[in-house]
Structure formats: C-alpha cells, structure tokens
>>> print(open('work.tsv').read())   # TSV, C-alpha atoms and all ligand atoms
chain	number	residue	atom	x	y	z
E	29	MET	CA	91.77	167.00	88.56
E	30	PHE	CA	93.28	165.00	91.41
E	31	ASP	CA	90.56	162.38	91.49
E	32	LEU	CA	91.57	159.38	93.60
E	33	THR	CA	88.41	157.34	93.13
E	34	GLY	CA	89.19	153.64	93.25
E	35	ARG	CA	92.62	154.18	94.79
E	36	THR	CA	93.68	152.83	98.17
E	37	ALA	CA	95.92	154.60	100.66
E	38	LEU	CA	97.69	153.81	103.91
E	39	VAL	CA	98.41	156.80	106.14
E	40	THR	CA	100.65	156.28	109.16
E	41	GLY	CA	100.37	158.71	112.03
E	42	ALA	CA	96.73	159.19	111.07
E	43	SER	CA	95.91	159.89	114.71
E	44	GLY	CA	98.15	162.97	114.65
E	45	GLY	CA	97.51	166.51	113.48
E	46	ILE	CA	98.91	166.29	109.96
E	47	GLY	CA	98.09	162.62	109.34
E	48	ARG	CA	94.46	163.17	110.15
E	49	ALA	CA	94.26	166.01	107.64
E	50	ILE	CA	95.98	163.90	104.99
E	51	ALA	CA	93.59	160.99	105.56
E	52	GLN	CA	90.61	163.31	105.31
E	53	ALA	CA	91.85	164.91	102.09
E	54	LEU	CA	92.64	161.58	100.42
E	55	SER	CA	89.22	160.31	101.40
E	56	GLU	CA	87.60	163.48	100.12
E	57	ALA	CA	89.38	162.91	96.78
E	58	GLY	CA	87.80	159.46	96.59
E	59	ALA	CA	90.43	157.08	97.98
E	60	LYS	CA	89.78	154.21	100.37
E	61	VAL	CA	91.96	155.00	103.35
E	62	ALA	CA	93.57	152.80	105.99
E	63	LEU	CA	94.48	154.71	109.14
E	64	SER	CA	97.44	153.68	111.25
E	65	GLY	CA	98.80	154.83	114.61
E	66	THR	CA	99.03	153.38	118.09
E	67	ARG	CA	95.96	155.03	119.65
E	68	GLU	CA	93.11	152.90	118.41
E	69	ASN	CA	90.38	155.07	119.90
E	70	VAL	CA	91.69	158.17	118.13
E	71	LEU	CA	91.95	156.27	114.84
E	72	GLU	CA	88.30	155.28	115.28
E	73	GLU	CA	87.42	158.94	115.82
E	74	VAL	CA	89.24	159.98	112.65
E	75	ALA	CA	87.63	157.14	110.68
E	76	ALA	CA	84.23	158.37	111.80
E	77	THR	CA	84.93	161.74	110.13
E	78	LEU	CA	85.55	160.13	106.73
E	79	LYS	CA	82.68	159.81	104.31
E	80	GLY	CA	84.28	157.19	102.09
E	81	GLU	CA	85.34	153.66	102.88
E	82	SER	CA	88.09	153.35	105.50
E	83	ALA	CA	89.72	150.91	107.88
E	84	ILE	CA	91.88	151.21	110.94
E	85	VAL	CA	95.14	149.29	111.11
E	86	PRO	CA	96.84	150.02	114.44
E	87	CYS	CA	100.56	149.36	114.56
E	88	ASN	CA	103.48	150.37	116.72
E	89	LEU	CA	106.15	151.48	114.30
E	90	SER	CA	108.97	150.76	116.72
E	91	ASP	CA	108.03	147.07	116.56
E	92	GLU	CA	109.84	145.83	113.44
E	93	GLU	CA	107.81	142.69	113.05
E	94	ALA	CA	104.52	144.55	113.34
E	95	VAL	CA	105.74	147.06	110.74
E	96	ASN	CA	106.65	144.27	108.33
E	97	GLY	CA	103.08	143.00	108.58
E	98	LEU	CA	101.33	146.36	108.29
E	99	VAL	CA	101.04	146.50	104.52
E	100	SER	CA	99.54	143.03	104.23
E	101	LYS	CA	97.15	143.84	107.08
E	102	THR	CA	96.17	146.96	105.17
E	103	GLU	CA	95.70	145.11	101.91
E	104	GLU	CA	93.45	142.58	103.61
E	105	ALA	CA	91.30	145.46	104.78
E	106	ILE	CA	91.15	147.74	101.73
E	107	GLY	CA	92.75	145.82	98.82
E	108	PRO	CA	96.04	146.21	96.93
E	109	LEU	CA	97.80	149.38	98.04
E	110	ASP	CA	98.24	152.29	95.62
E	111	ILE	CA	99.40	155.07	97.92
E	112	LEU	CA	101.64	154.97	100.97
E	113	VAL	CA	101.86	158.10	103.10
E	114	ALA	CA	104.57	157.56	105.69
E	115	ASN	CA	103.70	160.39	108.00
E	116	ALA	CA	104.22	159.11	111.54
E	117	GLY	CA	107.12	160.75	113.27
E	118	ILE	CA	108.49	161.56	116.70
E	119	THR	CA	110.93	164.00	118.23
E	120	ARG	CA	113.27	163.53	121.21
E	121	ASP	CA	114.87	166.96	121.22
E	122	LYS	CA	118.15	167.39	123.04
E	123	LEU	CA	121.53	168.90	122.43
E	124	LEU	CA	123.88	166.31	121.07
E	125	MET	CA	125.93	166.52	124.27
E	126	GLN	CA	122.91	165.28	126.21
E	127	MET	CA	121.55	162.82	123.70
E	128	ASN	CA	121.65	159.17	124.66
E	129	ASP	CA	121.39	156.03	122.55
E	130	ASP	CA	117.67	155.64	123.17
E	131	ASP	CA	116.93	159.18	121.97
E	132	TRP	CA	118.83	158.42	118.81
E	133	ASN	CA	117.56	154.89	118.18
E	134	ASP	CA	113.89	155.63	118.92
E	135	VAL	CA	113.76	158.53	116.48
E	136	LEU	CA	115.70	156.75	113.76
E	137	SER	CA	113.63	153.60	114.04
E	138	VAL	CA	110.17	155.23	114.09
E	139	ASN	CA	110.92	157.93	111.52
E	140	LEU	CA	113.32	156.21	109.13
E	141	GLY	CA	113.45	152.47	109.87
E	142	SER	CA	109.71	152.08	109.49
E	143	TYR	CA	109.82	154.01	106.22
E	144	PHE	CA	112.28	151.46	104.82
E	145	ARG	CA	110.15	148.53	105.98
E	146	LEU	CA	106.85	149.92	104.76
E	147	THR	CA	108.10	150.93	101.33
E	148	LYS	CA	109.84	147.60	100.90
E	149	SER	CA	106.66	145.72	101.60
E	150	CYS	CA	104.47	147.71	99.26
E	151	VAL	CA	106.81	148.22	96.31
E	152	ARG	CA	106.60	144.61	95.15
E	153	GLY	CA	102.85	144.76	94.53
E	154	MET	CA	103.13	148.24	93.03
E	155	MET	CA	105.73	146.98	90.55
E	156	LYS	CA	103.40	144.23	89.43
E	157	ARG	CA	100.53	146.63	89.01
E	158	ARG	CA	102.77	149.21	87.30
E	159	HIS	CA	101.43	151.90	89.55
E	160	GLY	CA	102.25	153.30	92.97
E	161	ARG	CA	102.73	156.44	94.99
E	162	ILE	CA	105.19	156.61	97.86
E	163	ILE	CA	104.97	159.79	99.89
E	164	GLY	CA	107.22	160.40	102.88
E	165	ILE	CA	106.54	163.26	105.26
E	166	THR	CA	109.93	164.71	106.05
E	167	SER	CA	110.61	168.18	107.44
E	168	ILE	CA	112.15	171.49	106.52
E	169	VAL	CA	114.77	170.84	109.20
E	170	GLY	CA	115.87	167.70	107.38
E	171	VAL	CA	117.26	170.13	104.82
E	172	THR	CA	118.23	173.14	106.96
E	173	GLY	CA	119.21	171.46	110.24
E	174	ASN	CA	118.06	172.67	113.63
E	175	PRO	CA	119.89	172.82	116.95
E	176	GLY	CA	118.55	170.29	119.44
E	177	GLN	CA	117.37	167.96	116.70
E	178	THR	CA	120.41	166.07	115.42
E	179	ASN	CA	118.51	162.79	115.68
E	180	TYR	CA	115.31	164.10	114.13
E	181	CYS	CA	117.10	165.97	111.32
E	182	ALA	CA	119.19	162.91	110.53
E	183	SER	CA	116.03	160.82	110.23
E	184	LYS	CA	114.29	163.38	108.03
E	185	ALA	CA	117.33	163.96	105.78
E	186	GLY	CA	117.60	160.17	105.61
E	187	MET	CA	114.06	159.95	104.29
E	188	ILE	CA	114.93	162.39	101.52
E	189	GLY	CA	118.01	160.46	100.36
E	190	PHE	CA	116.17	157.18	100.64
E	191	THR	CA	113.27	158.49	98.56
E	192	LYS	CA	115.53	159.84	95.82
E	193	SER	CA	117.24	156.47	95.48
E	194	LEU	CA	114.00	154.53	95.52
E	195	ALA	CA	112.50	156.90	92.96
E	196	GLN	CA	115.30	156.04	90.55
E	197	GLU	CA	114.93	152.32	91.14
E	198	VAL	CA	111.21	152.13	90.39
E	199	ALA	CA	110.44	155.04	88.08
E	200	SER	CA	110.23	152.83	85.00
E	201	ARG	CA	107.44	150.84	86.64
E	202	GLY	CA	104.96	153.66	87.08
E	203	ILE	CA	105.83	154.24	90.71
E	204	THR	CA	106.75	157.67	92.02
E	205	ALA	CA	108.42	158.40	95.34
E	206	ASN	CA	108.48	161.90	96.77
E	207	THR	CA	108.70	163.65	100.10
E	208	ILE	CA	106.79	166.58	101.49
E	209	ALA	CA	108.71	168.87	103.82
E	210	PRO	CA	106.35	170.82	106.08
E	211	GLY	CA	107.60	173.98	107.71
E	212	PHE	CA	105.96	174.96	110.98
E	213	ILE	CA	102.51	173.39	111.17
E	214	ALA	CA	100.02	173.77	114.01
E	215	SER	CA	99.66	170.29	115.52
E	216	PRO	CA	100.16	168.47	118.81
E	217	MET	CA	103.84	168.17	117.86
E	218	THR	CA	104.29	171.95	117.80
E	219	ASP	CA	101.71	172.86	120.48
E	220	VAL	CA	104.24	171.84	123.09
E	221	LEU	CA	106.78	174.47	122.03
E	222	PRO	CA	107.14	177.43	124.42
E	223	ASP	CA	105.38	180.67	123.34
E	224	ASN	CA	108.58	182.68	122.92
E	225	GLN	CA	109.94	180.03	120.57
E	226	LYS	CA	106.69	180.06	118.57
E	227	GLU	CA	106.81	183.84	118.23
E	228	ALA	CA	110.40	183.74	117.06
E	229	LEU	CA	109.46	181.13	114.49
E	230	LEU	CA	106.49	183.14	113.25
E	231	ARG	CA	108.78	186.07	112.50
E	232	GLN	CA	110.64	183.83	110.05
E	233	ILE	CA	107.54	182.89	108.08
E	234	PRO	CA	106.80	185.31	105.22
E	235	SER	CA	103.18	184.11	105.06
E	236	GLY	CA	102.80	185.32	108.64
E	237	ARG	CA	100.98	182.27	109.93
E	238	LEU	CA	101.55	178.70	110.96
E	239	GLY	CA	100.70	176.07	108.41
E	240	GLU	CA	97.60	173.92	108.76
E	241	GLY	CA	97.34	170.17	108.35
E	242	ALA	CA	95.26	170.92	105.26
E	243	ASP	CA	98.20	172.71	103.62
E	244	ILE	CA	100.21	169.50	103.80
E	245	ALA	CA	97.24	167.34	102.88
E	246	ALA	CA	96.73	169.24	99.61
E	247	ALA	CA	100.32	168.50	98.63
E	248	ALA	CA	99.78	164.82	99.43
E	249	VAL	CA	96.67	164.64	97.27
E	250	TYR	CA	98.57	166.19	94.40
E	251	LEU	CA	101.53	163.80	94.66
E	252	ALA	CA	99.12	160.85	94.93
E	253	SER	CA	97.23	161.87	91.79
E	254	ASN	CA	97.63	160.68	88.21
E	255	GLU	CA	98.49	164.24	87.30
E	256	ALA	CA	101.73	164.00	89.29
E	257	ALA	CA	102.95	160.94	87.38
E	258	TYR	CA	105.99	162.83	86.05
E	259	VAL	CA	107.06	164.15	89.44
E	260	THR	CA	109.42	161.81	91.26
E	261	GLY	CA	112.36	161.98	93.64
E	262	GLN	CA	111.34	165.47	94.68
E	263	THR	CA	110.90	167.19	97.99
E	264	LEU	CA	107.89	169.47	97.99
E	265	HIS	CA	108.43	172.24	100.54
E	266	VAL	CA	105.24	173.52	102.12
E	267	ASN	CA	106.37	176.15	104.58
E	268	GLY	CA	104.86	179.58	103.92
E	269	GLY	CA	108.14	180.74	102.43
E	270	MET	CA	110.09	180.03	105.63
E	271	ALA	CA	112.90	178.53	103.58
E	272	MET	CA	113.19	178.73	99.81
E	273	ILE	CA	115.22	175.80	98.62
W	70	MET	CA	108.59	118.32	85.63
W	71	SER	CA	110.00	118.49	82.13
W	72	ASP	CA	107.78	121.42	81.31
W	73	VAL	CA	109.50	123.64	83.89
W	74	LEU	CA	111.86	124.91	81.20
W	75	GLU	CA	108.93	125.59	78.89
W	76	ARG	CA	107.03	127.49	81.55
W	77	VAL	CA	110.14	129.46	82.52
W	78	LYS	CA	110.74	130.22	78.85
W	79	LYS	CA	107.22	131.53	78.40
W	80	ILE	CA	107.57	133.88	81.38
W	81	VAL	CA	110.95	135.13	80.19
W	82	VAL	CA	109.67	135.77	76.69
W	83	GLU	CA	106.68	137.69	78.04
W	84	ASN	CA	108.61	139.70	80.60
W	85	LEU	CA	111.72	140.56	78.63
W	86	ASP	CA	110.10	140.70	75.24
W	87	VAL	CA	112.79	138.48	73.66
W	88	ASP	CA	112.74	135.80	71.00
W	89	GLY	CA	111.98	132.32	72.41
W	90	ASP	CA	114.96	130.81	70.56
W	91	LYS	CA	117.32	132.86	72.66
W	92	VAL	CA	115.93	131.56	75.93
W	93	VAL	CA	118.20	128.55	76.37
W	94	GLU	CA	119.48	127.19	79.68
W	95	SER	CA	122.90	128.78	79.28
W	96	ALA	CA	121.49	132.24	78.54
W	97	SER	CA	122.31	134.90	81.11
W	98	PHE	CA	119.33	137.11	81.88
W	99	ILE	CA	121.46	140.23	82.01
W	100	ASP	CA	124.22	139.57	79.46
W	101	ASP	CA	122.26	137.65	76.82
W	102	LEU	CA	118.63	138.59	77.30
W	103	GLY	CA	118.98	142.30	78.03
W	104	ALA	CA	117.45	142.29	81.49
W	105	ASP	CA	118.37	144.90	84.07
W	106	SER	CA	118.43	144.23	87.80
W	107	LEU	CA	114.84	145.37	88.23
W	108	ASP	CA	113.71	143.06	85.40
W	109	LEU	CA	115.40	140.23	87.30
W	110	VAL	CA	113.45	141.02	90.46
W	111	GLU	CA	110.25	140.99	88.44
W	112	LEU	CA	111.14	137.72	86.74
W	113	VAL	CA	111.70	136.09	90.09
W	114	MET	CA	108.34	137.44	91.25
W	115	ALA	CA	106.72	135.91	88.19
W	116	PHE	CA	108.42	132.54	88.81
W	117	GLU	CA	107.25	132.59	92.40
W	118	GLU	CA	103.72	133.10	91.24
W	119	GLU	CA	103.77	130.59	88.40
W	120	PHE	CA	105.27	127.78	90.49
W	121	ASN	CA	103.79	128.79	93.81
W	122	ILE	CA	107.14	128.82	95.56
W	123	GLU	CA	109.11	131.36	97.50
W	124	ILE	CA	112.59	132.29	96.30
W	125	PRO	CA	114.50	133.92	99.19
W	126	ASP	CA	116.49	137.10	98.54
W	127	ASP	CA	119.90	135.40	98.89
W	128	VAL	CA	118.93	132.74	96.34
W	129	GLN	CA	117.63	135.39	93.96
W	130	GLU	CA	121.13	136.81	93.79
W	131	SER	CA	122.53	133.49	92.57
W	132	ILE	CA	120.04	133.14	89.73
W	133	ARG	CA	121.95	134.44	86.74
W	134	THR	CA	120.92	132.18	83.86
W	135	VAL	CA	117.77	130.49	82.64
W	136	GLY	CA	119.32	127.20	83.78
W	137	ASP	CA	119.89	128.55	87.31
W	138	ALA	CA	116.22	129.39	87.51
W	139	VAL	CA	115.10	126.03	86.19
W	140	THR	CA	117.38	124.16	88.60
W	141	HIS	CA	116.17	126.13	91.57
W	142	ILE	CA	112.53	125.79	90.65
W	143	LYS	CA	112.80	122.04	90.06
W	144	ALA	CA	114.36	121.60	93.48
W	145	HIS	CA	111.53	123.42	95.18
W	146	ILE	CA	108.28	122.41	93.52
X	301	LIG	N1	103.98	169.81	113.00
X	301	LIG	C1	105.00	170.30	112.33
X	301	LIG	O1	105.28	171.51	112.39
X	301	LIG	C2	105.84	169.42	111.46
X	301	LIG	C3	106.85	170.02	110.73
X	301	LIG	C4	107.64	169.24	109.89
X	301	LIG	C5	107.41	167.90	109.81
X	301	LIG	N2	106.44	167.30	110.55
X	301	LIG	C6	106.25	165.87	110.41
X	301	LIG	O2	104.93	165.58	110.09
X	301	LIG	C7	104.57	164.31	110.59
X	301	LIG	C8	103.28	164.40	111.39
X	301	LIG	O3	103.50	165.29	112.45
X	301	LIG	P1	102.35	165.92	113.38
X	301	LIG	O4	102.70	167.33	113.54
X	301	LIG	O5	101.02	165.55	112.85
X	301	LIG	O6	102.68	165.15	114.74
X	301	LIG	P2	101.71	164.48	115.83
X	301	LIG	O7	100.43	165.18	115.87
X	301	LIG	O8	102.56	164.37	117.03
X	301	LIG	O9	101.45	163.03	115.22
X	301	LIG	C9	102.43	162.04	115.20
X	301	LIG	C10	101.79	160.76	114.68
X	301	LIG	O10	102.78	159.75	114.64
X	301	LIG	C11	102.28	158.59	115.25
X	301	LIG	N3	103.32	157.85	115.93
X	301	LIG	C12	104.29	158.31	116.76
X	301	LIG	N4	105.02	157.30	117.24
X	301	LIG	C13	104.51	156.16	116.70
X	301	LIG	C14	104.82	154.79	116.83
X	301	LIG	N5	105.84	154.34	117.57
X	301	LIG	N6	104.08	153.89	116.14
X	301	LIG	C15	103.05	154.31	115.37
X	301	LIG	N7	102.70	155.58	115.22
X	301	LIG	C16	103.43	156.51	115.88
X	301	LIG	C17	101.29	159.08	116.27
X	301	LIG	O11	100.35	158.04	116.49
X	301	LIG	P3	99.82	157.68	117.99
X	301	LIG	O12	99.72	158.96	118.71
X	301	LIG	O13	98.52	157.00	117.72
X	301	LIG	O14	100.86	156.78	118.53
X	301	LIG	C18	100.67	160.27	115.57
X	301	LIG	O15	99.60	159.87	114.77
X	301	LIG	C19	105.77	163.83	111.42
X	301	LIG	O16	106.54	162.94	110.65
X	301	LIG	C20	106.52	165.10	111.67
X	301	LIG	O17	107.90	164.85	111.85
X	301	LIG	C21	105.64	168.06	111.38
>>> encode(input="work.tsv", output="structure tokens")
Amino acid sequence: MFDLTGRTALVTGASGGIGRAIAQALSEAGAKVALSGTRENVLEEVAATLKGESAIVPCNLSDEEAVNGLVSKTEEAIGPLDILVANAGITRDKLLMQMNDDDWNDVLSVNLGSYFRLTKSCVRGMMKRRHGRIIGITSIVGVTGNPGQTNYCASKAGMIGFTKSLAQEVASRGITANTIAPGFIASPMTDVLPDNQKEALLRQIPSGRLGEGADIAAAAVYLASNEAAYVTGQTLHVNGGMAMI
Amino acid sequence: MSDVLERVKKIVVENLDVDGDKVVESASFIDDLGADSLDLVELVMAFEEEFNIEIPDDVQESIRTVGDAVTHIKAHI
C-alpha cells in the first residue's frame, strides 16, 4: 500500500517543520523528491536526511517569475512531475484594524498566488500523462476562521475553493487535487506562540497533544498514492479532533 | 504545407475518437465533434507538439473549428 516508487514530487516549504516531514515521508515511500524553499543550506540539510534520490530547487515564492519557472526547474532535476505538495506558507498576524496592504499582499501572494502558478505549470504535463496529484497544505483556520488572521485565513480558504474547482476541471484526466488542513502542529511556525496561548489551544484538542509533522506527512503520502485515486476535491482534516467538520 | 489538414485530422481523430469523415474544415470541435473545453486544451497541446509551435492562450480561445486550427498552424510553421 502507498508505494510511490518511480514517482516524482515537488515539496515547497521543505525547509520548514511540516514540509521537511512530508519530503521525508514521500522519499521513504519511494518517490524522488525535489525540495524547495528559500534557505538553500537548510534544504541541503534536509536532502542529506533522505535515502532516495532528491534535488534541491530553491525559489522565492513571492517572486512571480521565479515561481513560474519552478516546475520546469524541478522537472529538469528529477523528471516529469507526478506530485505537487504546495506546503510553503507564511503568517503576518494582526487585527484587521492594524493590517496594512503589505501584510495582506505578502500572505496572499506566498500562500495562494504561488499555488495558482505552480498548479498551472504542472497540470499541463499531468494531463498529457493522465496522472497527477495536487496537494495543497491549507489550515483548519481556513475553515473555522481565527481572530488576528484575516489575511492568512483568506489565503487558506482560497486554497480550498481553488482546489475544489481544479479538481472538477481535471478529474477526468487522472489528476486529483486535494488539500490537507493541519490543526495545531509543532513547528517553527507555532513555536513562536506565547505559552499561555499554546496551553489554551491544547485544551481544545481532544487528542491532548500537538500534532507532529509526521501526522501531516502520512496524509500527504496517502493522497499521493494510487490508492487515493478516487479521492478528489476534498479537505483532509488532521487536527487531533480539534474541529470535526 | 498541404498536409497540415491531414496531420490536424489525424490528431483530432485520435484525441476525440471521431470518424475521419466528420473532420472537415468547417467542423466545430465542440458543436460537431463532441469536444469539451478540456478536450480543446488538449488538442491545442497536441497541435503544439506536432507542429513544434506555441499557440498563446488568447489565440487558443479563437480556435473553434478545424479550419481555424489549420489556418493558425499554417501561419506559424
Ligand atoms: N504549524 C502549524 O500548526 C500549521 C497549522 C496549519 C497549517 N499549517 C501550514 O503548513 C504549512 C507549513 O507550515 P510549517 O508549520 O512547517 O511552517 P514553517 O516551519 O514556518 O515553514 C514554512 C516554510 O515555508 C517556506 N516559505 C516561507 N516563505 C517563503 C517564500 N517567500 N518563498 C519560498 N518559501 C517560503 C519556508 O522556507 P524558507 O524558510 O526556506 O524560506 C519554510 O520552508 C504552511 O502552509 C502553514 O500555513 C501549519
């Protein structure tokens, strides 16, 4: 089950907590993995932990032109792309009253704009090959909302709507498009939260613990697999029961 | 040059699984040959490959019939 031997995958945000775990799990399942992020040295470190074939493809996702070229750069390195995991994401948390245009535009462009560009550039080849897996990493708050995150929640909800539409467009060509919505996962993104906020969050999680990168990675391996061919347009919530949607 | 129509025809027959006799210049991909919009995108991709040309997105939208495709391809190869 869930054998990805011979498949290729691009993981954005592979230098981050969740992306690294996803890259490792895809590699473990047999895929050739291209790792993207801006910190080249960290990508090298992650690549060194992978047993299978891998490549690093650094790219700043706020640079539209660079994003448009990322898939072809990836395909030069590891061959035609089977699996896209759009995982990179940023937060610029502020109350709406304090939010400025940059806070809004930066989050929308890195989280959602790059998702549009990356999927557009890989879907063509996937259509020809009659196979593809698009996986967007969204967030529980894209569905529930969260004060202080109007920009972030808009970008994550946007990913969900985008993915559902894309899924309908390409389903007949053997391509699935799904999102994974992590709850509260231990990573550099959540390490920065104040302790009292973390404790309050923990009380809302029936499983009684934070999620691990590996919890999200397992969902990604499943959605990338042949076994998940009939699952498309879905949002898979991985959140310890924090929200049951 | 004259074989452009023949080559286009062959691609259309393969992609849309239609009878070659129906693939005449006046035939509309969608109305006469049963293509949907995604089929059209794929046809254009196949033309691009066969004739080694690039058909920009805005031109793609104006290709409605077999003749439109042939005219465009002839002008660009
Ligand atoms: N942690 C959670 O609890 C949680 C919950 C729900 C959803 N998520 C989502 O899960 C995804 C991964 O989050 P994480 O917790 O692993 O965060 P993280 O550790 O902060 O990692 C973020 C990743 O995004 C990359 N990135 C950020 N800006 C970029 C840019 N402009 N260009 C290219 N890459 C960029 C970073 O690469 P560099 O550092 O190399 O630039 C890094 O690899 C995000 O989409 C996040 O929204 C996380």
>>> residues_around(input="work.tsv", residues="Leu102 (chain W)", least_positions_apart="5", cutoff="9 Å", atoms="all atoms listed in the file", output="JSON, numbers by chain")
{"W": [81, 85, 87, 91, 92, 96, 97]}
>>> axis_aligned_box(input="work.tsv", around="ligand LIG 301 (chain X)", padding_each_side="8 Å", output="AutoDock Vina command-line options")
--center_x 103.2 --center_y 162.7 --center_z 114.3 --size_x 25.4 --size_y 33.6 --size_z 24.9
>>> atom_distance(input="work.tsv", atom1="atom O9 of ligand LIG 301 (chain X)", atom2="CA of Val198 (chain E)")
28.8 Å
>>> residues_near_ligand(input="work.tsv", ligand="ligand LIG 301 (chain X)", cutoff="8 Å", atoms="all atoms listed in the file", output="JSON, numbers by chain")
{"E": [40, 41, 42, 43, 44, 45, 46, 47, 48, 64, 65, 66, 67, 68, 70, 71, 86, 87, 88, 89, 90, 91, 114, 115, 116, 117, 118, 119, 138, 139, 165, 166, 167, 168, 169, 180, 184, 209, 210, 211, 212, 213, 214, 215, 216, 217, 218, 239, 241]}
>>> write_last_selection(input="work.tsv", atoms="C-alpha atoms", output="compact mmCIF listing (two decimals), in the frame of the given file")
# COMPACT_ATOMS: atom_id res chain seq x y z
CA THR E 40 100.65 156.28 109.16
CA GLY E 41 100.37 158.71 112.03
CA ALA E 42 96.73 159.19 111.07
CA SER E 43 95.91 159.89 114.71
CA GLY E 44 98.15 162.97 114.65
CA GLY E 45 97.51 166.51 113.48
CA ILE E 46 98.91 166.29 109.96
CA GLY E 47 98.09 162.62 109.34
CA ARG E 48 94.46 163.17 110.15
CA SER E 64 97.44 153.68 111.25
CA GLY E 65 98.80 154.83 114.61
CA THR E 66 99.03 153.38 118.09
CA ARG E 67 95.96 155.03 119.65
CA GLU E 68 93.11 152.90 118.41
CA VAL E 70 91.69 158.17 118.13
CA LEU E 71 91.95 156.27 114.84
CA PRO E 86 96.84 150.02 114.44
CA CYS E 87 100.56 149.36 114.56
CA ASN E 88 103.48 150.37 116.72
CA LEU E 89 106.15 151.48 114.30
CA SER E 90 108.97 150.76 116.72
CA ASP E 91 108.03 147.07 116.56
CA ALA E 114 104.57 157.56 105.69
CA ASN E 115 103.70 160.39 108.00
CA ALA E 116 104.22 159.11 111.54
CA GLY E 117 107.12 160.75 113.27
CA ILE E 118 108.49 161.56 116.70
CA THR E 119 110.93 164.00 118.23
CA VAL E 138 110.17 155.23 114.09
CA ASN E 139 110.92 157.93 111.52
CA ILE E 165 106.54 163.26 105.26
CA THR E 166 109.93 164.71 106.05
CA SER E 167 110.61 168.18 107.44
CA ILE E 168 112.15 171.49 106.52
CA VAL E 169 114.77 170.84 109.20
CA TYR E 180 115.31 164.10 114.13
CA LYS E 184 114.29 163.38 108.03
CA ALA E 209 108.71 168.87 103.82
CA PRO E 210 106.35 170.82 106.08
CA GLY E 211 107.60 173.98 107.71
CA PHE E 212 105.96 174.96 110.98
CA ILE E 213 102.51 173.39 111.17
CA ALA E 214 100.02 173.77 114.01
CA SER E 215 99.66 170.29 115.52
CA PRO E 216 100.16 168.47 118.81
CA MET E 217 103.84 168.17 117.86
CA THR E 218 104.29 171.95 117.80
CA GLY E 239 100.70 176.07 108.41
CA GLY E 241 97.34 170.17 108.35
>>> closest_residue(input="work.tsv", among="E:Asp130, E:Glu227, E:Asp243, E:Glu197", to="chain W", atoms="only C-alpha atoms")
E:Glu197
>>> residues_around(input="work.tsv", residues="region 110-127 of chain W", least_positions_apart="2", cutoff="8 Å", atoms="all atoms listed in the file", output="PyMOL selection string")
(chain E and resi 155-156) or (chain W and resi 77+80-81+84+106-108+129-131+142+145-146)
